[in-house]
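Q: Following this message is one structure expressed as structure tokens.
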Amino acid sequence: MISISGLCKNFRTGDHTVAALQAIDLEVGRGEFFVLLGPSGSGKTTLLRSVAGLEKPDEGEISLNDKTVFSRSRRVCAAPEEREIGMVFQSYAIWPHLTVAENIGLVLTHGRSRMSKKSAVERIRRSLELVQLENFEDRPARLLSGGQQQRVALARALAVNPALLLMDEPLSNLDARLREEVRGNIKKLATQLGITVLYVTHDQVEAMVLADRIAVMAQGKILQIGNPFELYRSPANALVAEFFGSMNWIPGKMLDANHVKTECGVLCVADSRSCDGAVIVGIRPEDVRLGRSSNDEENRIEGNVVRSTFLGDQVVTEVTINQQTLIAKTPPDDGKPEGNTSVHLPKSKLVVFPDLSERLSH
Amino acid sequence: MKGRWVVVGISAAALIPVLALLLLVLWMGFWQNGPGEPIVYTLNHYRNIFTDSFTYKTFLNTVGFAATAVLISLLFAVPTAWLVERTDLPGKNFVFMLVTLGALLPTFFTAMGWVFLLHPRIGIVNRFVVDVFGLQQAPFNIASIIGMGWVEGLGLSSIAFIMVVATYRTMDPSLEEAARVHGLGIFRTLRYVTLPLTFPGIIAASIYVFTIALSAFEAPAIIGMSNKIFTFATFIFYKIQPLEELPSYGVAGAVSTVLIILALLLSWSYFGVLRFSHRYAVVTGKAYRPRLIELGPKGWIFAWSFLGFYVLVAKLLPFLLLIWAALLRYFQPPSWAALGQVSLNNFYGLPWKLLLQGAWNTLILMLAVPTLTLLICLAISWTVLRSGLRWRLLFDAVAFLPHAVPHLILAIATMFATLFLLHNALSLYGSLTILIFVYTVSRISFATRIINNSLAQIHPELEEAAFVGGLKLLQVMRKILVPLLKPALVYAWIWMALLCYRELTMASVLVTGQNNVTLPMVVWGLWLGGSLNQAAAANLVVLAFMLPAVLLYFIFGRRSRVTEAV
């Protein structure tokens, strides 16, 4: 559905140039819910706007539905109105001088389809039904609440029957409770209508709830593409790992392919991914085991409990092993550990990456 | 807090004269006889102006003149603003700068240039057309309502441009993008989204320009007065400085009162429309500039032809004509014969002593007025935004009055006061001090608005932290507020200095001799005396004096602040 190759975009601000997109390659399949995830300034919105035709890339190619809409080498750059898309903006971009029905009607009667006013009425009604805004037709748009505006924006984007729906942080201006509700609706609608969605967000929970696949972006590059489980369990690098939930990092040195010397003794690791020299070993807090609950003797160390906090659904414990501090999240029924305890770091849950900070300091 | 009352006191002391001047105008309108005689009150002046056919003619003249000016200014300002803000036109930053700076080119300057171009008798375009087509009569007449409106409109187009640009900038660009991605092309987006959304802003700009044009003095004075075509402004001026009869302050007061009421009504509707247009303004946190519309080479040629024509008629042509006129003893169209007569004699013959005195006085005004105004307006802004005083909004309203009330009328009221009320206590009439006073009063609205905008963006806790740390209010102002407000203060200072430089309207009433002559008044004097070519030469000299000040603007005045000025 979307095929992007070698896409580059630089922004010039005054004297210096910022590389917003650096040789992006991306394939999104038909009917897929694809999320671009990254911190602000990672280039995700620039990528989305390039697909929409609102930003003109410097290099590369974009094709939508097997039709090339941008190609630097072939000097193709389709205007936004020539691309078959619907889009929901972060600010919703609901035209304040029109009513709800007119907001949707304008794109039906004067947009790509140019349908008659009469047939538009039925389409407007149906698209408002999709977002549960029946009977809002004559409401002036500027009198809508944020959540309602968001739904009108979605209805407008869907009304044109787009093959591709683009969404630019559509939930970031809603309050937390509403966000959860709307998130569910968006997912339901996308599945129900079977359309392809390209969705930009900086919220990893949102990305995991919505996405079939996620591309994690930072500094204009795609770090990793995968489904939520892959990204959580086998991150390609430390940055991706940290973006999805918290991580304990233990610096160390590779001894051989399966052993790392650390502050917590020699750790046995399953997959060192051809690292050598200085590395960091990572483990998620919920994977750290405390006490003698298992018989596995591998990677078992004695630690000292510094602090333990009961949070209802889990117990968060801070343990030190020599100079190294680890956070462990354990089920509430295991009780609050105190004093000296046995710490188990399951081999299969450990990830190893080259220690970039170490390398930089040398 | 003692400091607080000092600040409030300063703002009150500055605003009381504003109210006093207005009341004086009102009072003036009921005087039967001239000042100096025992006062007899009468309603005759009002009866006369409402029954006199001449008043109606003047009223129609004024409205026609102002409406023409609005149309002309929008005709140039709206497309220019769109080209600069929304397209990829190369060199548009240069256009922005040129048009913005154009606001400083005095209208009396361009008015003189246009007289040389389109005057029925001497205008070179008329002479050329008459010769080529063998006409009996000159086809164009600058000495008409349309002609004067054309000149005034060209002058006001800069202000209209600045306002329309501001409307484009406060509009959320994604409103236009939403139209584009859902299939509306450039022109449909323009027609159904951009224009309807900017329409309130354009209407607001029209009312603003109309209000200024209604009491505009320079174009009607330079072009109209010698041809007996009056607008309200020149009519009032003529009543207090007539050529033959005695001044009739009563009539001037009555007409002024009517004009003030009109201007206040217009300002009131201006704010109404502005509030309406702000409903559409969306402030997004995103730094994305809208996708610029690609005009393509054909579009560039079209756009540049339009902009070229605009710059040509608004600035370049009058300028060239003044140069040509300044080099000739008698004005005539360019020809080989005329070229032979070109000389610098007009420059040698200028009253240089007067010019230098004028330059000195103008310099003092340019230094004193902005400084004084800023000090006063800092106090007013603080009173309005920070004092928590119950009457603070009254301060805001009074500070706005000098914008709504025609400056000509402020000057007349000041003259009246110094000539007949204060003359025993203070001899201010004909002094430079009186110019400093009235210039300062007239700029209060401008400076207050700029400082208000900036002060509103400074978090009060920054000051509160200093209070808690033990600083007194005046120290807080000096150490915290002034440094934080510095960019706005510098910008306002330079802009006001440049406005002082080109000020003719108020000076024409209050300048009485060498003592307080200003540069524009020297030009005006020569023009009124009939030495048109010498006036042109003087105009060029005056413009040359202005260059260092414009340079300062380039160095310190920031581009982004221009939109706050109106």
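Chain identifiers are assigned as A, B, and so on, following the order in which chains appear in the structure tokens; residues are numbered from 1 within each chain, and ligands are numbered from 1 in order of appearance.
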Please identify all polymer residues within 8 Å of Ile434 (chain B), counting only C-alpha atoms, omitting same-chain residues fewer than 4 positions from it, and present them as a PyMOL selection string.
A: chain B and resi 414+428-430+438+510
Q: For the interface of chain A with chain B (cut-off 7 Å, counting only C-alpha atoms), please tabulate each contacting residue of chain A alongside its nearest pair of atoms and their separation in Å to one decimal, rows sorted by chain and increasing number, as CSV.
A:
```
residue,atom,partner,partner_atom,distance
A:Ala52,CA,B:Val181,CA,6.6
A:Leu54,CA,B:Arg291,CA,5.6
A:Glu55,CA,B:Arg291,CA,6.5
A:Pro80,CA,B:Val181,CA,4.7
A:Glu81,CA,B:Gly183,CA,3.8
A:Glu82,CA,B:Gly183,CA,6.5
A:Ile85,CA,B:Val181,CA,6.6
A:Gly86,CA,B:His182,CA,6.0
A:Met87,CA,B:Val181,CA,6.9
A:Ser91,CA,B:Thr284,CA,6.9
A:Ala93,CA,B:Leu175,CA,4.6
A:Ile94,CA,B:Leu175,CA,6.7
A:Trp95,CA,B:Leu175,CA,6.3
A:Pro96,CA,B:Tyr280,CA,6.1
A:His97,CA,B:Leu197,CA,6.8
A:Val107,CA,B:His182,CA,5.9
A:His110,CA,B:Leu184,CA,6.1
A:Gly111,CA,B:Gly183,CA,4.0
A:Arg112,CA,B:Gly183,CA,4.6
```
Q: Which parts of region 98-345 of chain A does DSSP call alpha helix (DSSP H) when run on the backbone here, written out as a PyMOL selection string?
A: chain A and resi 100-110+117-130+146-159+176-193+204-210+228-233+238-243
Q: Could you work out how far CA of Gly358 (chain B) lies from CA of Gln514 (chain B), giving the answer in Å with one decimal?
A: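 Separation between CA of Gln514 (chain B) and CA of Gly358 (chain B): 7.8 Å.
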Q: Write out as number ranges by chain each polymer residue whose atoms come within 12 Å of Gln150 (chain A), counting only C-alpha atoms; drop sequence neighbours fewer than 5 positions from it.
A: A: 87-94, 100, 128, 131-133, 141, 144-145, 155-157, 167-174, 178-179, 182-183, 185-186
Q: Give me the residues near region 209-218 of chain A as a VMD selection string, where near means some atom within 9 Å (using only C-alpha atoms) and where sequence neighbours in that chain fewer than 6 positions away do not count.
A: chain A and resid 26 28 32 to 44 183 to 184 186 to 187 199 224 to 228 231 239 to 240 243
